[in-house]
>>> print(open('target03.pdb').read())   # PDB, C-alpha atoms, pLDDT in the B column
ATOM      1  CA  MET M 202       2.203 -13.595   4.002  1.00 55.00           C
ATOM      2  CA  VAL M 203       2.498 -12.213   7.507  1.00 54.00           C
ATOM      3  CA  SER M 204       3.301 -14.504  10.399  1.00 56.00           C
ATOM      4  CA  ILE M 205       1.310 -13.735  13.550  1.00 55.00           C
ATOM      5  CA  THR M 206       2.723 -14.858  16.881  1.00 59.00           C
ATOM      6  CA  PRO M 207       0.409 -14.693  19.914  1.00 56.00           C
ATOM      7  CA  THR M 208       1.623 -12.473  22.767  1.00 55.00           C
ATOM      8  CA  PRO M 209       1.026 -13.581  26.359  1.00 55.00           C
ATOM      9  CA  LEU M 210      -1.694 -11.495  28.020  1.00 47.00           C
ATOM     10  CA  GLU M 211       0.580 -10.314  30.827  1.00 48.00           C
ATOM     11  CA  GLU M 212       2.999  -8.797  28.324  1.00 48.00           C
ATOM     12  CA  SER M 213       0.372  -7.308  26.003  1.00 48.00           C
ATOM     13  CA  SER M 214      -1.660  -5.692  28.778  1.00 49.00           C
ATOM     14  CA  SER M 215       1.276  -3.733  30.173  1.00 50.00           C
ATOM     15  CA  PRO M 216       0.404  -0.022  30.351  1.00 53.00           C
ATOM     16  CA  SER M 217       3.798   0.816  28.870  1.00 62.00           C
ATOM     17  CA  ARG M 218       3.035  -1.076  25.662  1.00 81.00           C
ATOM     18  CA  ARG M 219       0.530   0.234  23.159  1.00 91.00           C
ATOM     19  CA  LEU M 220      -1.494  -2.579  21.580  1.00 96.00           C
ATOM     20  CA  THR M 221      -2.411  -2.731  17.908  1.00 97.00           C
ATOM     21  CA  TRP M 222      -5.985  -3.830  17.250  1.00 97.00           C
ATOM     22  CA  LEU M 223      -7.344  -5.093  13.894  1.00 96.00           C
ATOM     23  CA  ILE M 224     -11.122  -4.744  14.048  1.00 97.00           C
ATOM     24  CA  SER M 225     -13.565  -5.675  11.294  1.00 94.00           C
ATOM     25  CA  GLY M 226     -17.063  -4.253  11.038  1.00 93.00           C
ATOM     26  CA  THR M 227     -16.086  -0.866  12.473  1.00 94.00           C
ATOM     27  CA  SER M 228     -18.641   1.266  10.640  1.00 92.00           C
ATOM     28  CA  SER M 229     -21.293   0.696  13.339  1.00 92.00           C
ATOM     29  CA  GLY M 230     -22.347  -1.351  16.335  1.00 92.00           C
ATOM     30  CA  PHE M 231     -19.884  -3.401  18.378  1.00 94.00           C
ATOM     31  CA  GLY M 232     -16.967  -2.848  15.999  1.00 95.00           C
ATOM     32  CA  TYR M 233     -17.438   0.918  16.152  1.00 95.00           C
ATOM     33  CA  ARG M 234     -17.605   0.880  19.970  1.00 96.00           C
ATOM     34  CA  ILE M 235     -14.624  -1.449  20.348  1.00 97.00           C
ATOM     35  CA  ALA M 236     -12.552   0.787  18.059  1.00 97.00           C
ATOM     36  CA  LEU M 237     -13.414   3.849  20.168  1.00 96.00           C
ATOM     37  CA  PHE M 238     -12.593   1.917  23.350  1.00 96.00           C
ATOM     38  CA  ALA M 239      -9.162   0.941  22.026  1.00 96.00           C
ATOM     39  CA  ILE M 240      -8.379   4.486  20.835  1.00 95.00           C
ATOM     40  CA  ARG M 241      -9.428   5.937  24.211  1.00 93.00           C
ATOM     41  CA  ARG M 242      -7.174   3.348  25.881  1.00 93.00           C
ATOM     42  CA  GLY M 243      -4.276   4.848  23.935  1.00 92.00           C
ATOM     43  CA  ASP M 244      -3.901   1.893  21.563  1.00 95.00           C
ATOM     44  CA  ASN M 245      -3.548   1.746  17.763  1.00 96.00           C
ATOM     45  CA  VAL M 246      -6.556   0.690  15.680  1.00 97.00           C
ATOM     46  CA  LEU M 247      -6.652  -0.785  12.187  1.00 97.00           C
ATOM     47  CA  ALA M 248     -10.334  -0.351  11.332  1.00 96.00           C
ATOM     48  CA  ILE M 249     -11.880  -2.428   8.558  1.00 95.00           C
ATOM     49  CA  ALA M 250     -15.266  -1.905   6.900  1.00 94.00           C
ATOM     50  CA  ARG M 251     -16.915  -2.626   3.572  1.00 92.00           C
ATOM     51  CA  SER M 252     -17.693   1.032   2.954  1.00 90.00           C
ATOM     52  CA  PRO M 253     -15.118   3.794   3.484  1.00 88.00           C
ATOM     53  CA  LEU M 254     -17.978   6.309   3.547  1.00 91.00           C
ATOM     54  CA  LYS M 255     -19.486   4.575   6.571  1.00 89.00           C
ATOM     55  CA  LEU M 256     -16.151   4.906   8.395  1.00 93.00           C
ATOM     56  CA  GLU M 257     -16.479   8.713   8.303  1.00 93.00           C
ATOM     57  CA  LYS M 258     -18.490   8.700  11.555  1.00 94.00           C
ATOM     58  CA  LEU M 259     -15.675   6.820  13.343  1.00 95.00           C
ATOM     59  CA  ILE M 260     -13.017   9.100  11.849  1.00 94.00           C
ATOM     60  CA  GLN M 261     -14.937  12.221  12.923  1.00 94.00           C
ATOM     61  CA  GLN M 262     -15.492  10.871  16.445  1.00 94.00           C
ATOM     62  CA  VAL M 263     -11.806   9.985  16.872  1.00 94.00           C
ATOM     63  CA  THR M 264     -10.735  13.338  15.411  1.00 93.00           C
ATOM     64  CA  SER M 265     -12.913  15.133  17.976  1.00 93.00           C
ATOM     65  CA  LEU M 266     -11.195  13.439  20.936  1.00 90.00           C
ATOM     66  CA  LYS M 267      -9.019  15.821  22.900  1.00 77.00           C
ATOM     67  CA  ASN M 268      -5.390  15.092  23.687  1.00 65.00           C
ATOM     68  CA  ASP M 269      -6.254  14.569  27.359  1.00 55.00           C
ATOM     69  CA  ASP M 270      -8.645  11.772  26.330  1.00 48.00           C
ATOM     70  CA  HIS M 271      -5.668   9.498  25.713  1.00 49.00           C
ATOM     71  CA  ASP M 272      -2.261   8.727  27.191  1.00 52.00           C
ATOM     72  CA  SER M 273      -0.666  12.099  27.971  1.00 55.00           C
ATOM     73  CA  THR M 274       2.854  10.633  27.887  1.00 60.00           C
ATOM     74  CA  THR M 275       2.792  10.407  24.102  1.00 62.00           C
ATOM     75  CA  THR M 276       2.793  13.014  21.355  1.00 76.00           C
ATOM     76  CA  THR M 277       0.482  11.046  19.055  1.00 84.00           C
ATOM     77  CA  THR M 278      -3.135  12.087  18.802  1.00 91.00           C
ATOM     78  CA  PRO M 279      -6.087   9.712  18.714  1.00 94.00           C
ATOM     79  CA  LYS M 280      -6.420  10.360  14.961  1.00 94.00           C
ATOM     80  CA  ASP M 281      -2.749   9.325  14.481  1.00 94.00           C
ATOM     81  CA  ARG M 282      -3.581   5.964  16.045  1.00 95.00           C
ATOM     82  CA  LEU M 283      -6.493   5.172  13.685  1.00 96.00           C
ATOM     83  CA  LYS M 284      -5.948   3.755  10.200  1.00 97.00           C
ATOM     84  CA  THR M 285      -8.859   2.634   8.051  1.00 96.00           C
ATOM     85  CA  PHE M 286      -9.093  -0.007   5.341  1.00 95.00           C
ATOM     86  CA  LYS M 287     -11.820  -1.009   2.894  1.00 94.00           C
ATOM     87  CA  LEU M 288     -12.433  -4.731   2.930  1.00 92.00           C
ATOM     88  CA  ASP M 289     -15.390  -7.018   2.542  1.00 89.00           C
ATOM     89  CA  LEU M 290     -14.565 -10.273   4.302  1.00 80.00           C
ATOM     90  CA  GLY M 291     -16.495 -12.003   1.528  1.00 84.00           C
ATOM     91  CA  ASP M 292     -13.781 -10.943  -0.935  1.00 89.00           C
ATOM     92  CA  SER M 293     -11.344 -13.521  -2.256  1.00 91.00           C
ATOM     93  CA  GLU M 294      -8.694 -14.919   0.066  1.00 92.00           C
ATOM     94  CA  HIS M 295      -6.058 -13.120  -2.011  1.00 94.00           C
ATOM     95  CA  VAL M 296      -7.716  -9.717  -1.468  1.00 93.00           C
ATOM     96  CA  VAL M 297      -8.161 -10.358   2.275  1.00 91.00           C
ATOM     97  CA  LYS M 298      -4.484 -11.332   2.658  1.00 93.00           C
ATOM     98  CA  GLU M 299      -3.396  -8.273   0.687  1.00 95.00           C
ATOM     99  CA  VAL M 300      -5.352  -5.866   2.912  1.00 93.00           C
ATOM    100  CA  VAL M 301      -4.195  -7.582   6.108  1.00 92.00           C
ATOM    101  CA  ASP M 302      -0.582  -7.391   4.908  1.00 95.00           C
ATOM    102  CA  GLN M 303      -1.038  -3.635   4.257  1.00 95.00           C
ATOM    103  CA  ALA M 304      -2.548  -3.201   7.729  1.00 94.00           C
ATOM    104  CA  VAL M 305       0.295  -5.060   9.458  1.00 94.00           C
ATOM    105  CA  LYS M 306       2.856  -2.825   7.750  1.00 96.00           C
ATOM    106  CA  VAL M 307       1.390   0.260   9.484  1.00 96.00           C
ATOM    107  CA  TRP M 308       2.604  -0.659  13.000  1.00 95.00           C
ATOM    108  CA  GLY M 309       4.424  -3.916  12.279  1.00 95.00           C
ATOM    109  CA  ARG M 310       2.120  -6.239  14.193  1.00 95.00           C
ATOM    110  CA  ILE M 311      -1.407  -7.096  15.316  1.00 95.00           C
ATOM    111  CA  ASP M 312      -1.875  -7.775  19.024  1.00 96.00           C
ATOM    112  CA  VAL M 313      -5.667  -8.009  19.177  1.00 97.00           C
ATOM    113  CA  LEU M 314      -7.951  -9.346  16.432  1.00 95.00           C
ATOM    114  CA  VAL M 315     -11.676  -8.613  16.638  1.00 96.00           C
ATOM    115  CA  ASN M 316     -13.529 -10.391  13.825  1.00 92.00           C
ATOM    116  CA  ASN M 317     -16.793  -8.512  14.140  1.00 90.00           C
ATOM    117  CA  ALA M 318     -17.958  -8.311  10.515  1.00 82.00           C
ATOM    118  CA  GLY M 319     -21.154 -10.083   9.706  1.00 72.00           C
ATOM    119  CA  THR M 320     -24.252 -10.150   7.592  1.00 64.00           C
ATOM    120  CA  THR M 321     -27.824 -10.672   8.639  1.00 64.00           C
ATOM    121  CA  PHE M 322     -29.921 -12.985   6.529  1.00 63.00           C
ATOM    122  CA  PHE M 323     -33.671 -12.680   6.628  1.00 67.00           C
ATOM    123  CA  SER M 324     -35.801 -15.641   5.616  1.00 66.00           C
ATOM    124  CA  LEU M 325     -39.455 -15.986   4.847  1.00 65.00           C
ATOM    125  CA  GLN M 326     -41.510 -18.178   7.116  1.00 67.00           C
ATOM    126  CA  ILE M 327     -43.883 -20.280   5.005  1.00 63.00           C
TER     127      ILE M 327
END
>>> encode(input="target03.pdb", output="structure tokens")
Amino acid sequence: MVSITPTPLEESSSPSRRLTWLISGTSSGFGYRIALFAIRRGDNVLAIARSPLKLEKLIQQVTSLKNDDHDSTTTTTPKDRLKTFKLDLGDSEHVVKEVVDQAVKVWGRIDVLVNNAGTTFFSLQI
């Protein structure tokens, strides 16, 4: 189990420190846009979605970003700063913990958590 310690905002927002974001629901909508925002900021993104195939659009978009679209003081490309994971947040607690542990091992920490995954339920009006 990974221990997560909150970082004060002043420290985490320093331009000299790259943040690591864990974002669920990144295949479309808000999660997709937030992931692109973080990558363009020069940060690391751990993108989670139920379907790896649906993450292809995000991967292609990040791959197409030019080196001048991110922090020019680093040698990493936007694609280097994106890692994707398949996870349905409805999976068992064990599976969720396992995927989060794998994600944390990539950059050693999570600074920003965006829990954006969700499901829409439609009901019949009678």
>>> resolve_selection(input="target03.pdb", expression="the PyMOL selection byres ((chain M and resi 290) around 9)", output="PyMOL selection string")
chain M and resi 225+250-251+288-289+291-294+296-297+318-319
>>> atom_distance(input="target03.pdb", atom1="CA of Val301 in chain M", atom2="CA of Thr276 in chain M")
26.6 Å
>>> closest_residue(input="target03.pdb", among="M:Val300, M:Val313, M:Leu259, M:Leu223", to="Val246 in chain M", atoms="only C-alpha atoms")
M:Leu223
>>> closest_residue(input="target03.pdb", among="M:Lys287, M:Lys298, M:Lys267, M:Arg234", to="Asn317 in chain M", atoms="only C-alpha atoms")
M:Arg234
>>> axis_aligned_box(input="target03.pdb", around="range 308-317 of chain M", padding_each_side="6 Å", output="JSON")
{"center_x": -6.2, "center_y": -5.5, "center_z": 15.7, "size_x": 33.2, "size_y": 21.7, "size_z": 18.9}
>>> atom_distance(input="target03.pdb", atom1="CA of Asp302 in chain M", atom2="CA of Leu283 in chain M")
16.4 Å
>>> closest_residue(input="target03.pdb", among="M:Asn245, M:Ser229, M:Ser265, M:Asn316", to="Thr277 in chain M", atoms="only C-alpha atoms")
M:Asn245
